[in-house]
file coords.tsv (TSV, C-alpha atoms)
chain	number	residue	atom	x	y	z
A	1	MET	CA	19.19	1.09	-7.57
A	2	GLU	CA	21.11	-1.15	-5.20
A	3	ARG	CA	23.07	1.89	-4.02
A	4	LEU	CA	19.88	3.73	-3.07
A	5	ILE	CA	18.47	0.73	-1.24
A	6	SER	CA	21.75	0.11	0.59
A	7	SER	CA	21.66	3.73	1.80
A	8	LEU	CA	18.48	3.07	3.78
A	9	SER	CA	18.41	2.16	7.46
A	10	PHE	CA	17.04	-1.34	7.59
A	11	GLU	CA	16.69	-1.09	11.35
A	12	GLU	CA	14.07	1.60	10.71
A	13	ILE	CA	12.52	-0.43	7.92
A	14	TRP	CA	12.24	-3.45	10.20
A	15	ARG	CA	10.53	-1.36	12.88
A	16	HIS	CA	8.00	-0.13	10.32
A	17	PHE	CA	7.59	-3.61	8.85
A	18	SER	CA	7.02	-5.17	12.28
A	19	LEU	CA	4.15	-2.77	12.96
A	20	ARG	CA	2.65	-3.70	9.62
A	21	ILE	CA	2.97	-7.42	10.30
A	22	GLU	CA	1.25	-6.90	13.64
A	23	ALA	CA	-1.54	-4.97	11.91
A	24	HIS	CA	-1.85	-7.72	9.27
A	25	GLN	CA	-2.28	-10.34	11.98
A	26	GLU	CA	-4.90	-8.27	13.82
A	27	LEU	CA	-6.82	-7.55	10.63
A	28	THR	CA	-6.96	-11.18	9.54
A	29	GLN	CA	-8.07	-12.21	13.03
A	30	ASP	CA	-10.75	-9.51	13.20
A	31	LEU	CA	-12.05	-10.48	9.76
A	32	ALA	CA	-12.12	-14.19	10.59
A	33	THR	CA	-13.97	-13.63	13.87
A	34	ASP	CA	-16.50	-11.09	12.57
A	35	ARG	CA	-15.27	-8.20	14.72
A	36	VAL	CA	-16.83	-5.77	12.29
A	37	GLN	CA	-16.14	-2.39	13.88
A	38	ASP	CA	-12.67	-3.35	15.11
A	39	TYR	CA	-11.75	-4.56	11.64
A	40	VAL	CA	-13.11	-1.56	9.76
A	41	ASP	CA	-11.52	1.02	12.07
A	42	LYS	CA	-8.14	-0.66	11.59
A	43	ALA	CA	-8.54	-1.34	7.86
A	44	LEU	CA	-9.33	2.32	7.15
A	45	GLY	CA	-6.42	3.62	9.21
A	46	ILE	CA	-8.70	5.14	11.85
A	47	ALA	CA	-7.60	3.11	14.87
A	48	ALA	CA	-3.92	3.33	13.87
A	49	PRO	CA	-2.18	4.48	10.68
A	50	HIS	CA	-0.29	1.23	10.10
A	51	GLY	CA	-3.58	-0.50	9.27
A	52	ASN	CA	-3.85	1.57	6.09
A	53	TYR	CA	-1.39	4.37	5.43
A	54	SER	CA	-3.09	5.30	2.15
A	55	ALA	CA	-6.27	6.12	4.08
A	56	ALA	CA	-4.66	7.53	7.22
A	57	GLU	CA	-2.37	9.96	5.43
A	58	HIS	CA	-5.30	11.79	3.84
A	59	GLY	CA	-7.91	11.25	6.55
A	60	LEU	CA	-9.96	9.12	4.18
A	61	GLY	CA	-11.33	6.66	6.74
A	62	PRO	CA	-13.90	9.05	8.25
A	63	GLN	CA	-14.73	10.33	4.76
A	64	ILE	CA	-15.44	6.82	3.51
A	65	LEU	CA	-17.67	6.03	6.45
A	66	GLY	CA	-19.34	9.43	6.32
A	67	ASN	CA	-20.20	9.07	2.65
A	68	LEU	CA	-22.11	5.84	3.19
A	69	ASN	CA	-25.45	7.24	4.24
A	70	ASN	CA	-27.10	4.23	5.77
A	71	ASN	CA	-27.17	2.38	9.06
A	72	ARG	CA	-24.93	-0.44	7.89
A	73	ILE	CA	-21.80	1.44	6.91
A	74	TYR	CA	-19.45	-0.80	8.86
A	75	GLU	CA	-21.09	-3.92	7.49
A	76	ARG	CA	-20.67	-2.69	3.91
A	77	ILE	CA	-16.93	-2.06	4.34
A	78	PHE	CA	-16.56	-5.38	6.16
A	79	LYS	CA	-18.26	-7.20	3.28
A	80	PHE	CA	-16.01	-5.36	0.81
A	81	ALA	CA	-12.98	-6.66	2.71
A	82	TRP	CA	-14.41	-10.17	3.00
A	83	ASP	CA	-15.03	-10.31	-0.74
A	84	ILE	CA	-11.68	-8.82	-1.74
A	85	ASN	CA	-9.99	-11.35	0.53
A	86	GLY	CA	-11.60	-14.11	-1.51
A	87	ILE	CA	-9.97	-12.97	-4.75
A	88	THR	CA	-7.27	-15.39	-5.86
A	89	ASP	CA	-6.05	-13.43	-8.89
A	90	PRO	CA	-4.74	-10.04	-7.72
A	91	LEU	CA	-5.13	-8.61	-11.22
A	92	GLN	CA	-8.90	-8.67	-10.57
A	93	ILE	CA	-8.54	-6.27	-7.64
A	94	PRO	CA	-8.64	-2.92	-9.52
A	95	LYS	CA	-11.89	-3.87	-11.29
A	96	PHE	CA	-13.38	-5.14	-8.02
A	97	ILE	CA	-12.63	-1.83	-6.30
A	98	GLU	CA	-14.05	0.15	-9.22
A	99	ASP	CA	-17.22	-1.95	-9.29
A	100	ALA	CA	-17.71	-1.56	-5.52
A	101	ASN	CA	-18.10	2.19	-6.18
A	102	ILE	CA	-17.57	3.30	-2.59
A	103	HIS	CA	-16.92	7.04	-2.54
A	104	SER	CA	-13.35	7.94	-1.46
A	105	LEU	CA	-12.33	4.26	-1.42
A	106	GLY	CA	-10.10	4.25	-4.47
A	107	ILE	CA	-7.40	1.94	-5.71
A	108	SER	CA	-4.81	3.06	-3.15
A	109	VAL	CA	-6.97	2.42	-0.08
A	110	GLY	CA	-8.62	-0.64	-1.59
A	111	SER	CA	-5.42	-2.33	-2.74
A	112	GLU	CA	-3.90	-1.69	0.67
A	113	ILE	CA	-6.89	-3.39	2.31
A	114	ALA	CA	-6.21	-6.38	0.05
A	115	MET	CA	-2.46	-6.39	0.75
A	116	MET	CA	-2.91	-6.19	4.51
A	117	LEU	CA	-5.00	-9.36	4.38
A	118	LYS	CA	-2.83	-11.34	1.92
A	119	PRO	CA	0.63	-9.72	1.77
A	120	HIS	CA	2.18	-12.73	0.05
A	121	GLN	CA	-0.28	-12.40	-2.85
A	122	ASN	CA	-1.46	-8.80	-3.09
A	123	TRP	CA	0.38	-5.51	-3.41
A	124	VAL	CA	-0.60	-1.89	-2.89
A	125	THR	CA	-0.51	0.79	-5.55
A	126	ASN	CA	-0.04	4.23	-4.01
A	127	VAL	CA	2.36	7.13	-4.27
A	128	ARG	CA	5.09	5.27	-2.37
A	129	THR	CA	5.07	2.05	-4.37
A	130	ASN	CA	4.74	3.94	-7.63
A	131	TYR	CA	7.64	6.19	-6.64
A	132	ALA	CA	9.72	3.06	-6.00
A	133	ASP	CA	8.65	1.79	-9.42
A	134	LEU	CA	9.83	5.06	-10.99
A	135	LEU	CA	13.19	4.71	-9.24
A	136	MET	CA	13.49	1.19	-10.62
A	137	LYS	CA	12.46	2.39	-14.09
A	138	HIS	CA	15.15	5.10	-14.03
A	139	SER	CA	17.85	2.81	-12.57
A	140	GLY	CA	17.99	4.71	-9.30
A	141	ASP	CA	18.14	8.19	-10.85
A	142	VAL	CA	16.40	10.24	-8.14
A	143	ASN	CA	16.13	13.41	-10.21
A	144	LYS	CA	14.37	11.64	-13.08
A	145	ALA	CA	11.99	9.84	-10.71
A	146	ASN	CA	11.15	13.07	-8.87
A	147	MET	CA	10.60	14.91	-12.14
A	148	GLU	CA	8.23	12.27	-13.47
A	149	LEU	CA	6.27	12.13	-10.23
A	150	SER	CA	5.99	15.93	-10.13
A	151	LEU	CA	4.66	15.94	-13.70
A	152	TYR	CA	1.92	13.54	-12.63
A	153	ARG	CA	1.04	15.83	-9.74
A	154	GLU	CA	0.92	18.92	-11.93
A	155	SER	CA	-1.19	17.37	-14.68
A	156	MET	CA	-3.77	15.46	-12.63
A	157	ARG	CA	-5.96	15.92	-9.59
A	158	ASP	CA	-5.32	13.50	-6.72
A	159	SER	CA	-8.52	11.62	-7.53
A	160	GLU	CA	-7.45	11.20	-11.16
A	161	ILE	CA	-4.07	9.88	-10.06
A	162	ASP	CA	-5.70	7.45	-7.64
A	163	TYR	CA	-8.36	6.07	-9.95
A	164	GLY	CA	-6.43	6.44	-13.21
A	165	LEU	CA	-2.66	6.35	-13.02
A	166	TRP	CA	-2.21	4.23	-9.91
A	167	GLY	CA	-4.89	1.85	-11.14
A	168	SER	CA	-3.36	1.46	-14.60
A	169	ASN	CA	0.07	0.90	-13.04
A	170	TYR	CA	-1.20	-1.80	-10.69
A	171	PRO	CA	-0.43	-4.88	-12.86
A	172	LYS	CA	3.20	-4.00	-13.58
A	173	LEU	CA	4.01	-3.28	-9.93
A	174	LYS	CA	4.15	-7.00	-9.19
A	175	VAL	CA	7.46	-7.32	-11.03
A	176	SER	CA	9.09	-4.15	-9.69
A	177	LEU	CA	7.98	-4.74	-6.09
A	178	THR	CA	9.16	-8.35	-6.18
A	179	GLU	CA	12.57	-7.12	-7.33
A	180	LEU	CA	12.52	-4.38	-4.70
A	181	ALA	CA	11.88	-7.00	-2.01
A	182	ARG	CA	14.78	-9.09	-3.31
A	183	LEU	CA	17.18	-6.14	-3.30
A	184	GLY	CA	15.92	-5.15	0.13
A	185	ASN	CA	16.66	-8.60	1.50
A	186	LYS	CA	20.19	-8.37	0.13
A	187	ALA	CA	20.73	-4.96	1.75
A	188	SER	CA	19.13	-6.02	5.03
A	189	VAL	CA	21.40	-9.05	5.35
A	190	SER	CA	24.42	-6.90	4.51
A	191	GLN	CA	23.47	-4.69	7.48
A	192	GLY	CA	23.44	-7.73	9.74
A	193	LEU	CA	19.66	-8.09	9.84
A	194	ASN	CA	17.18	-10.70	8.67
A	195	SER	CA	15.51	-11.11	5.30
A	196	SER	CA	11.74	-11.43	4.81
A	197	ASN	CA	9.61	-13.65	2.59
A	198	VAL	CA	6.45	-11.56	3.04
A	199	THR	CA	7.15	-10.10	-0.37
A	200	PHE	CA	4.72	-7.27	-0.87
A	201	LEU	CA	4.47	-6.00	2.69
A	202	TRP	CA	8.28	-6.02	2.83
A	203	ALA	CA	8.52	-4.17	-0.49
A	204	ASP	CA	5.97	-1.65	0.77
A	205	ALA	CA	8.12	-0.94	3.84
A	206	ILE	CA	11.17	-0.37	1.64
A	207	ALA	CA	9.16	1.85	-0.72
A	208	ASN	CA	7.99	3.88	2.27
A	209	SER	CA	11.60	4.49	3.30
A	210	LEU	CA	12.70	5.37	-0.25
A	211	TYR	CA	9.88	7.89	-0.55
A	212	ALA	CA	10.66	9.46	2.82
A	213	LYS	CA	14.35	9.84	2.01
A	214	TYR	CA	14.38	10.80	-1.65
A	215	SER	CA	11.04	12.18	-2.81
A	216	LYS	CA	10.61	15.94	-3.00
A	217	LEU	CA	6.82	15.58	-2.82
A	218	ARG	CA	6.41	14.14	0.67

call {"tool": "encode", "arguments": {"input": "coords.tsv", "output": "structure tokens"}}
result
Amino acid sequence: MERLISSLSFEEIWRHFSLRIEAHQELTQDLATDRVQDYVDKALGIAAPHGNYSAAEHGLGPQILGNLNNNRIYERIFKFAWDINGITDPLQIPKFIEDANIHSLGISVGSEIAMMLKPHQNWVTNVRTNYADLLMKHSGDVNKANMELSLYRESMRDSEIDYGLWGSNYPKLKVSLTELARLGNKASVSQGLNSSNVTFLWADAIANSLYAKYSKLR
């Protein structure tokens, strides 16, 4: 696994990570100062993809807003974010998202909203972080990780993967993403760059790079 991580360009990862840190800072500021529309447009990846890649990649932001047929759609998403930001035990996040029952706002988008507000505490479960978890599980064997991911894709609809598989995998990702962040820091320093202590946002940036370079499903 260290070999795969060392093969990545940490200059590129740092550029990606810096955009995410900037988005995190804007989102927390918008939430704290009740800038409802600004917050929601960023948190759903509408204003810019680095606010929520899980939503932006599939155009889910407009779908989420369009499916809330009332005059307070932005307020409802804002309250969702405010409440999820108050959760102190991240293992409660999947149930919170399920109970919110907002159409098209599944575990991937919802857990990314949580991570972008508290990246030291919360992590995202999506195709990229779960692919990184598969690579860790298979000790860096790309073929085995790609095969397992393709089997998921063939056997389930995207909605089933999002609500089922990614949700059930959420608890165990804490360990694998923490280790991914540690290995990423080691590789980053070896390339003459800094390390990061923003564990889960840093791990997410590394997972993004691993997925882009090695996954056959991108």

call {"tool": "closest_residue", "arguments": {"input": "coords.tsv", "among": "A:Arg76, A:Lys95, A:Lys137, A:Lys174", "to": "A:Thr199", "atoms": "only C-alpha atoms"}}
result
A:Lys174

call {"tool": "atom_distance", "arguments": {"input": "coords.tsv", "atom1": "atom CA of A:Leu193", "atom2": "atom CA of A:Ser139"}}
result
25.0 Å

call {"tool": "axis_aligned_box", "arguments": {"input": "coords.tsv", "around": "stretch 13-24 of chain A", "padding_each_side": "8 Å", "output": "JSON"}}
result
{"center_x": 5.3, "center_y": -3.9, "center_z": 10.8, "size_x": 30.4, "size_y": 23.6, "size_z": 21.7}

call {"tool": "residues_around", "arguments": {"input": "coords.tsv", "residues": "A:Gly110", "least_positions_apart": "3", "cutoff": "10 Å", "atoms": "all atoms listed in the file", "output": "count of residues only"}}
result
24

call {"tool": "closest_residue", "arguments": {"input": "coords.tsv", "among": "A:Gln63, A:Ser176, A:Asn185, A:Ser215", "to": "A:Asn146", "atoms": "all atoms listed in the file"}}
result
A:Ser215

call {"tool": "closest_residue", "arguments": {"input": "coords.tsv", "among": "A:Trp123, A:Phe78, A:Tyr53, A:Tyr152", "to": "A:Phe200", "atoms": "only C-alpha atoms"}}
result
A:Trp123

call {"tool": "residues_near_point", "arguments": {"input": "coords.tsv", "point": "(1.8, -5.4, -3.2)", "cutoff": "12 Å", "atoms": "only C-alpha atoms", "output": "number ranges by chain"}}
result
A: 90-91, 93, 108, 110-126, 128-130, 132-133, 169-181, 198-207

call {"tool": "atom_distance", "arguments": {"input": "coords.tsv", "atom1": "atom CA of A:Ile87", "atom2": "atom CA of A:Asn67"}}
result
25.4 Å

call {"tool": "closest_residue", "arguments": {"input": "coords.tsv", "among": "A:Val109, A:Leu210, A:Ile73, A:Leu31", "to": "A:Gly59", "atoms": "only C-alpha atoms"}}
result
A:Val109

call {"tool": "residues_around", "arguments": {"input": "coords.tsv", "residues": "A:Gly51", "least_positions_apart": "5", "cutoff": "10 Å", "atoms": "all atoms listed in the file", "output": "list of chain:residue names"}}
result
A:Leu19, A:Arg20, A:Ile21, A:Glu22, A:Ala23, A:His24, A:Glu26, A:Leu27, A:Tyr39, A:Val40, A:Asp41, A:Lys42, A:Ala43, A:Leu44, A:Gly45, A:Ile46, A:Ala56, A:Glu112, A:Ile113, A:Met116

call {"tool": "closest_residue", "arguments": {"input": "coords.tsv", "among": "A:Leu65, A:Leu183, A:Ala212, A:Ala48", "to": "A:His103", "atoms": "all atoms listed in the file"}}
result
A:Leu65

call {"tool": "build_atoms", "arguments": {"input": "coords.tsv", "residues": "stretch 27-42 of chain A", "atoms": "N, CA and C atoms", "output": "PDB file, in the coordinates of the input"}}
result
ATOM      1  N   LEU A  27      -5.772  -7.690  11.644  1.00  0.00           N
ATOM      2  CA  LEU A  27      -6.820  -7.550  10.630  1.00  0.00           C
ATOM      3  C   LEU A  27      -7.369  -8.909  10.194  1.00  0.00           C
ATOM      4  N   THR A  28      -6.493  -9.855   9.957  1.00  0.00           N
ATOM      5  CA  THR A  28      -6.960 -11.180   9.540  1.00  0.00           C
ATOM      6  C   THR A  28      -7.762 -11.846  10.657  1.00  0.00           C
ATOM      7  N   GLN A  29      -7.339 -11.639  11.898  1.00  0.00           N
ATOM      8  CA  GLN A  29      -8.070 -12.210  13.030  1.00  0.00           C
ATOM      9  C   GLN A  29      -9.437 -11.549  13.185  1.00  0.00           C
ATOM     10  N   ASP A  30      -9.472 -10.224  13.078  1.00  0.00           N
ATOM     11  CA  ASP A  30     -10.750  -9.510  13.200  1.00  0.00           C
ATOM     12  C   ASP A  30     -11.713  -9.917  12.084  1.00  0.00           C
ATOM     13  N   LEU A  31     -11.191 -10.076  10.871  1.00  0.00           N
ATOM     14  CA  LEU A  31     -12.050 -10.480   9.760  1.00  0.00           C
ATOM     15  C   LEU A  31     -12.586 -11.891   9.967  1.00  0.00           C
ATOM     16  N   ALA A  32     -11.729 -12.785  10.416  1.00  0.00           N
ATOM     17  CA  ALA A  32     -12.120 -14.190  10.590  1.00  0.00           C
ATOM     18  C   ALA A  32     -13.131 -14.377  11.714  1.00  0.00           C
ATOM     19  N   THR A  33     -13.097 -13.485  12.705  1.00  0.00           N
ATOM     20  CA  THR A  33     -13.970 -13.630  13.870  1.00  0.00           C
ATOM     21  C   THR A  33     -15.120 -12.630  13.884  1.00  0.00           C
ATOM     22  N   ASP A  34     -15.356 -12.000  12.736  1.00  0.00           N
ATOM     23  CA  ASP A  34     -16.500 -11.090  12.570  1.00  0.00           C
ATOM     24  C   ASP A  34     -16.510  -9.930  13.555  1.00  0.00           C
ATOM     25  N   ARG A  35     -15.340  -9.424  13.897  1.00  0.00           N
ATOM     26  CA  ARG A  35     -15.270  -8.200  14.720  1.00  0.00           C
ATOM     27  C   ARG A  35     -15.375  -7.011  13.765  1.00  0.00           C
ATOM     28  N   VAL A  36     -16.584  -6.689  13.403  1.00  0.00           N
ATOM     29  CA  VAL A  36     -16.830  -5.770  12.290  1.00  0.00           C
ATOM     30  C   VAL A  36     -16.237  -4.392  12.544  1.00  0.00           C
ATOM     31  N   GLN A  37     -16.610  -3.758  13.648  1.00  0.00           N
ATOM     32  CA  GLN A  37     -16.140  -2.390  13.880  1.00  0.00           C
ATOM     33  C   GLN A  37     -14.638  -2.346  14.118  1.00  0.00           C
ATOM     34  N   ASP A  38     -14.117  -3.303  14.877  1.00  0.00           N
ATOM     35  CA  ASP A  38     -12.670  -3.350  15.110  1.00  0.00           C
ATOM     36  C   ASP A  38     -11.930  -3.475  13.784  1.00  0.00           C
ATOM     37  N   TYR A  39     -12.416  -4.370  12.927  1.00  0.00           N
ATOM     38  CA  TYR A  39     -11.750  -4.560  11.640  1.00  0.00           C
ATOM     39  C   TYR A  39     -11.785  -3.284  10.810  1.00  0.00           C
ATOM     40  N   VAL A  40     -12.959  -2.710  10.649  1.00  0.00           N
ATOM     41  CA  VAL A  40     -13.110  -1.560   9.760  1.00  0.00           C
ATOM     42  C   VAL A  40     -12.285  -0.372  10.244  1.00  0.00           C
ATOM     43  N   ASP A  41     -12.300  -0.111  11.547  1.00  0.00           N
ATOM     44  CA  ASP A  41     -11.520   1.020  12.070  1.00  0.00           C
ATOM     45  C   ASP A  41     -10.029   0.838  11.830  1.00  0.00           C
ATOM     46  N   LYS A  42      -9.560  -0.395  11.882  1.00  0.00           N
ATOM     47  CA  LYS A  42      -8.140  -0.660  11.590  1.00  0.00           C
ATOM     48  C   LYS A  42      -7.871  -0.627  10.090  1.00  0.00           C
TER      49      LYS A  42
END
